[in-house]
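Colleague: Right, I'll just put the structure down here and ask away after.
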Amino acid sequence: MARRIDVTGAGGVRLAAWEFADPPKTDPDRAQPGVLLLHGLMGRASHWASTARWLSERHRAVALDQRGHGQSEKPPQAAFTREAYVEDAEAALEQLGLAPAVLVGHAMGALTAWQLAAKRPDLVRGLVICDMRASALGAASQREWADWFKSWPVPFATLADVRKWFGEGDPWVERPNPARGEFYAEVMHESADGWRPVFEPEQMLRSRETWVYDAHWEELAQVRCPALVVRGLDGELGRAEAQEMVRVLPLGEYAEVADAGHLVHYDQPEGWRAAIEPFLDGVLAG
């Protein structure tokens with residue numbers, strides 16, 4: 001089961017938050033320790049469904065469709081700045097009654113999580129950073145992403161075509177990866193001429209350009225709560241950088257998941273759970 005809760009984000013943008021639980025938690029349970037799950041660029045709250053369901057056995061877990069993503073609003077002129085994403089997460093914690101919560105973020109969502117933890121330590125009791133780099137990625141990276149979006153053969157005729165292209169045919173795929181195909185199938189919707197992404201690629205590029213040119217070590221060092229840095233062995237965050245992030249974090253810990261790429265929680269859900277559950281139990285029990 002899933003329950004949708006509307007949240008008002010920065011600038012009045014309507015955001016969709018989701019509780020994936022059987023049954024969903026109701027208002028009297030709000031005293032339970034809270035977890036807010038933040039997807040990465042192009043992701044959506046439903047990518048966290050399996051994680052949220054096992055979390056909901058003992059905690060109140062909510063996943064947020066961030067602005068421009070999933071079923072949240074995608075206003076053409078909306079701000080897609082770092083500040084807007086952080087303020088949205090801040091609003092979600094306050095309006096959902098989750099704080100002080102653990103933030104679990106993947107990629108861009110992890111950056112949002114640690115920026116919020118640095119800004120509002122009163123709202124955040126713990127942090128899980130999944131496969132997000134603190135170093136600047138640079139202009140070449142942004143150009144590569146723009147070219148990659150142009151390479152998508154949209155519209156896709158069927159969802160099977162989506163799964164096949166992103167799992168095998170995409171030039172960014174080094175070897176067949178069915179989990180990757182499933183991940184992208186989940187962010188497609190059927191239109192009159194075929195299957196297209198639920199997001200606007202131009203808005204994704206606008207979101208990305210607000211953080212790829214800068215390093216984020218200073219904000220990482222300002223995080224005062226316990227924090228776990230998780231990487232997939234074949235992900236985008238290298239071991240050396242991940243361990244430096246742990247060193248910079250005042251209360252940093254490290255975990256890695258074997259046979260996982262960038263989509264750690266999607267590639268290896270059991271390994272992901274084994275990596276983060278002890279940390280979450282320790283933080284949420286305190």
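Identifiers in the structure tokens: chain A, B, ... in order shown; residue index from 1 per chain; ligand index from 1 in order shown.
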Any chance you could list, as a count of residues only, the residues in segment 65-210 of chain A that come up alpha helix (DSSP H) when DSSP is run on the backbone?
Modeller: 63
Colleague: Which of segment 76-229 of chain A end up as strand (DSSP E) when DSSP is run on this backbone - answer as a PyMOL selection string?
Modeller: chain A and resi 101-106+124-130+188-191+194-197+227-229
Colleague: Which residue gives the smallest distance to Arg53 of chain A among A:Ala21, A:Phe80, A:Cys225, A:Arg208, with only C-alpha atoms counted?
Modeller: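 For Arg53 of chain A, the nearest of the candidates is A:Ala21.
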Colleague: Within 8 Å of Ser135 of chain A, counting only C-alpha atoms, which residues qualify if same-chain residues fewer than 4 places away don't, as an MDAnalysis selection string?
Modeller: chainID A and resid 214:217
Colleague: Find the residue from A:Glu182, A:Leu280, A:Gly252, A:Ala63 that sits nearest to Gly167 of chain A; use only C-alpha atoms when measuring.
Modeller: A:Glu182
Colleague: One decimal, in Å: what's the spacing between atom CA of Glu241 of chain A and atom CA of His39 of chain A?
Modeller: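 One can read the atom CA of Glu241 of chain A to atom CA of His39 of chain A distance as 21.2 Å.
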Colleague: Do you know which residues are at most 12 Å from segment 148-151 of chain A counting only C-alpha atoms, after dropping those on the same chain fewer than 2 positions away, and could you put them as a VMD selection string?
Modeller: chain A and resid 42 141 to 146 153 to 155 165 to 166 169 to 173 197 199 to 205
Colleague: Keeping C-alpha atoms, export the residues of the selection given above as a PDB file, in the first residue's frame.
Modeller:
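Heads up, here's the output in part39.pdb:
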ATOM      1  CA  MET A  42      15.591  11.773 -12.564  1.00  0.00           C
ATOM      2  CA  SER A 141      30.353  16.428 -17.114  1.00  0.00           C
ATOM      3  CA  GLN A 142      27.446  18.776 -17.780  1.00  0.00           C
ATOM      4  CA  ARG A 143      28.096  18.654 -21.536  1.00  0.00           C
ATOM      5  CA  GLU A 144      28.177  14.857 -21.422  1.00  0.00           C
ATOM      6  CA  TRP A 145      24.797  14.798 -19.711  1.00  0.00           C
ATOM      7  CA  ALA A 146      23.287  17.171 -22.292  1.00  0.00           C
ATOM      8  CA  PRO A 153      15.444   7.301 -28.677  1.00  0.00           C
ATOM      9  CA  VAL A 154      12.223   8.895 -27.430  1.00  0.00           C
ATOM     10  CA  PRO A 155       9.418   8.165 -27.640  1.00  0.00           C
ATOM     11  CA  TRP A 165      17.698   0.422 -24.099  1.00  0.00           C
ATOM     12  CA  PHE A 166      18.621   1.551 -20.583  1.00  0.00           C
ATOM     13  CA  GLY A 169      21.603  -0.324 -25.527  1.00  0.00           C
ATOM     14  CA  ASP A 170      22.500   2.919 -23.748  1.00  0.00           C
ATOM     15  CA  PRO A 171      26.106   3.867 -24.634  1.00  0.00           C
ATOM     16  CA  TRP A 172      26.675   4.594 -20.927  1.00  0.00           C
ATOM     17  CA  VAL A 173      26.036   0.919 -20.076  1.00  0.00           C
ATOM     18  CA  PRO A 197      10.027  10.447 -19.154  1.00  0.00           C
ATOM     19  CA  PHE A 199      10.337  14.733 -16.080  1.00  0.00           C
ATOM     20  CA  GLU A 200      11.559  17.399 -18.475  1.00  0.00           C
ATOM     21  CA  PRO A 201      15.214  16.756 -19.406  1.00  0.00           C
ATOM     22  CA  GLU A 202      15.820  20.506 -19.604  1.00  0.00           C
ATOM     23  CA  GLN A 203      14.707  20.874 -15.971  1.00  0.00           C
ATOM     24  CA  MET A 204      17.043  18.046 -14.980  1.00  0.00           C
ATOM     25  CA  LEU A 205      19.960  19.846 -16.615  1.00  0.00           C
TER      26      LEU A 205
END
Colleague: Neighbours of Arg196 of chain A within 9 Å (only C-alpha atoms; same-chain residues fewer than 6 positions away dropped), as a PDB file with N, CA and C atoms, in the first residue's frame?
Modeller:
ATOM      1  N   VAL A 154      13.603   8.648 -27.840  1.00  0.00           N
ATOM      2  CA  VAL A 154      12.223   8.895 -27.430  1.00  0.00           C
ATOM      3  C   VAL A 154      11.391   9.361 -28.621  1.00  0.00           C
ATOM      4  N   PRO A 155      10.107   8.994 -28.645  1.00  0.00           N
ATOM      5  CA  PRO A 155       9.418   8.165 -27.640  1.00  0.00           C
ATOM      6  C   PRO A 155       9.736   6.682 -27.827  1.00  0.00           C
ATOM      7  N   PHE A 156       9.747   5.958 -26.719  1.00  0.00           N
ATOM      8  CA  PHE A 156       9.911   4.516 -26.780  1.00  0.00           C
ATOM      9  C   PHE A 156       8.559   3.897 -27.130  1.00  0.00           C
ATOM     10  N   VAL A 187      10.375   5.621 -14.444  1.00  0.00           N
ATOM     11  CA  VAL A 187      10.232   7.075 -14.601  1.00  0.00           C
ATOM     12  C   VAL A 187       9.687   7.430 -15.986  1.00  0.00           C
ATOM     13  N   MET A 188       8.986   6.491 -16.611  1.00  0.00           N
ATOM     14  CA  MET A 188       8.354   6.737 -17.896  1.00  0.00           C
ATOM     15  C   MET A 188       6.837   6.731 -17.747  1.00  0.00           C
ATOM     16  N   HIS A 189       6.160   7.461 -18.612  1.00  0.00           N
ATOM     17  CA  HIS A 189       4.701   7.412 -18.659  1.00  0.00           C
ATOM     18  C   HIS A 189       4.273   7.342 -20.112  1.00  0.00           C
ATOM     19  N   GLU A 190       3.091   6.788 -20.323  1.00  0.00           N
ATOM     20  CA  GLU A 190       2.613   6.592 -21.688  1.00  0.00           C
ATOM     21  C   GLU A 190       1.933   7.855 -22.192  1.00  0.00           C
TER      22      GLU A 190
END
Colleague: Which of these, A:Leu233, A:Ala84, A:Ala113, A:Val212, has the shortest distance to Thr8 of chain A once you count only C-alpha atoms?
Modeller: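 Among the listed residues, A:Ala84 lies closest to Thr8 of chain A.
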Colleague: Would you mind telling me which residue in A:Trp211, A:Trp195, A:Phe183, A:Phe20 lies nearest to Thr112 of chain A when using only C-alpha atoms?
Modeller: A:Trp211
Colleague: Using only C-alpha atoms, find the one residue out of A:Val62, A:Ala242, A:Ala285, A:Ala140 that sits nearest to His47 of chain A.
Modeller: A:Val62
Colleague: Considering only C-alpha atoms, can you say which of A:Ala160, A:Leu237, A:Val13, A:Val248 comes closest to Ala107 of chain A?
Modeller: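 Of all the options, A:Leu237 lies closest to Ala107 of chain A.
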Colleague: Taking 6 positions as the minimum chain separation for residues in the same chain, which residues sit within 12 Å of Glu94 of chain A when counting only C-alpha atoms? Answer as a ChimeraX atom specification.
Modeller: /A:7-9,30,34,36,87-88,100-101,120,122-124
Colleague: Would you pick out the contacts of Ala49 of chain A at 10 Å or less, using only C-alpha atoms, so that residues sharing its chain but fewer than 3 positions from it are not included, and give the list as a PDB file with C-alpha atoms, in the first residue's frame?
Modeller:
ATOM      1  CA  MET A   1       0.000   0.000   0.000  1.00  0.00           C
ATOM      2  CA  ALA A   2       1.007   3.603  -0.480  1.00  0.00           C
ATOM      3  CA  TRP A  18       4.609   8.917  -0.170  1.00  0.00           C
ATOM      4  CA  GLU A  19       4.396   6.438   2.677  1.00  0.00           C
ATOM      5  CA  PHE A  20       5.001   2.888   1.486  1.00  0.00           C
ATOM      6  CA  ALA A  21       3.804   0.727   4.364  1.00  0.00           C
ATOM      7  CA  LEU A  37      14.045   9.344   1.693  1.00  0.00           C
ATOM      8  CA  ARG A  44      11.132   9.341  -7.937  1.00  0.00           C
ATOM      9  CA  ALA A  45       9.804   8.383  -4.523  1.00  0.00           C
ATOM     10  CA  SER A  46       8.699   4.927  -5.703  1.00  0.00           C
ATOM     11  CA  ALA A  52      10.547   2.300   2.935  1.00  0.00           C
ATOM     12  CA  ARG A  53       8.573  -0.884   3.529  1.00  0.00           C
ATOM     13  CA  TRP A  54      11.189  -2.567   5.702  1.00  0.00           C
ATOM     14  CA  LEU A  55      11.883   0.703   7.472  1.00  0.00           C
ATOM     15  CA  ALA A  61       9.375   6.331   6.569  1.00  0.00           C
ATOM     16  CA  VAL A  62       8.317   8.821   3.891  1.00  0.00           C
ATOM     17  CA  ALA A  63       9.748   9.258   0.400  1.00  0.00           C
TER      18      ALA A  63
END
Colleague: To one decimal place in Å, what is the distance between atom CA of Arg14 of chain A and atom CA of Pro75 of chain A?
Modeller: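 Between atom CA of Arg14 of chain A and atom CA of Pro75 of chain A the gap is 9.6 Å.
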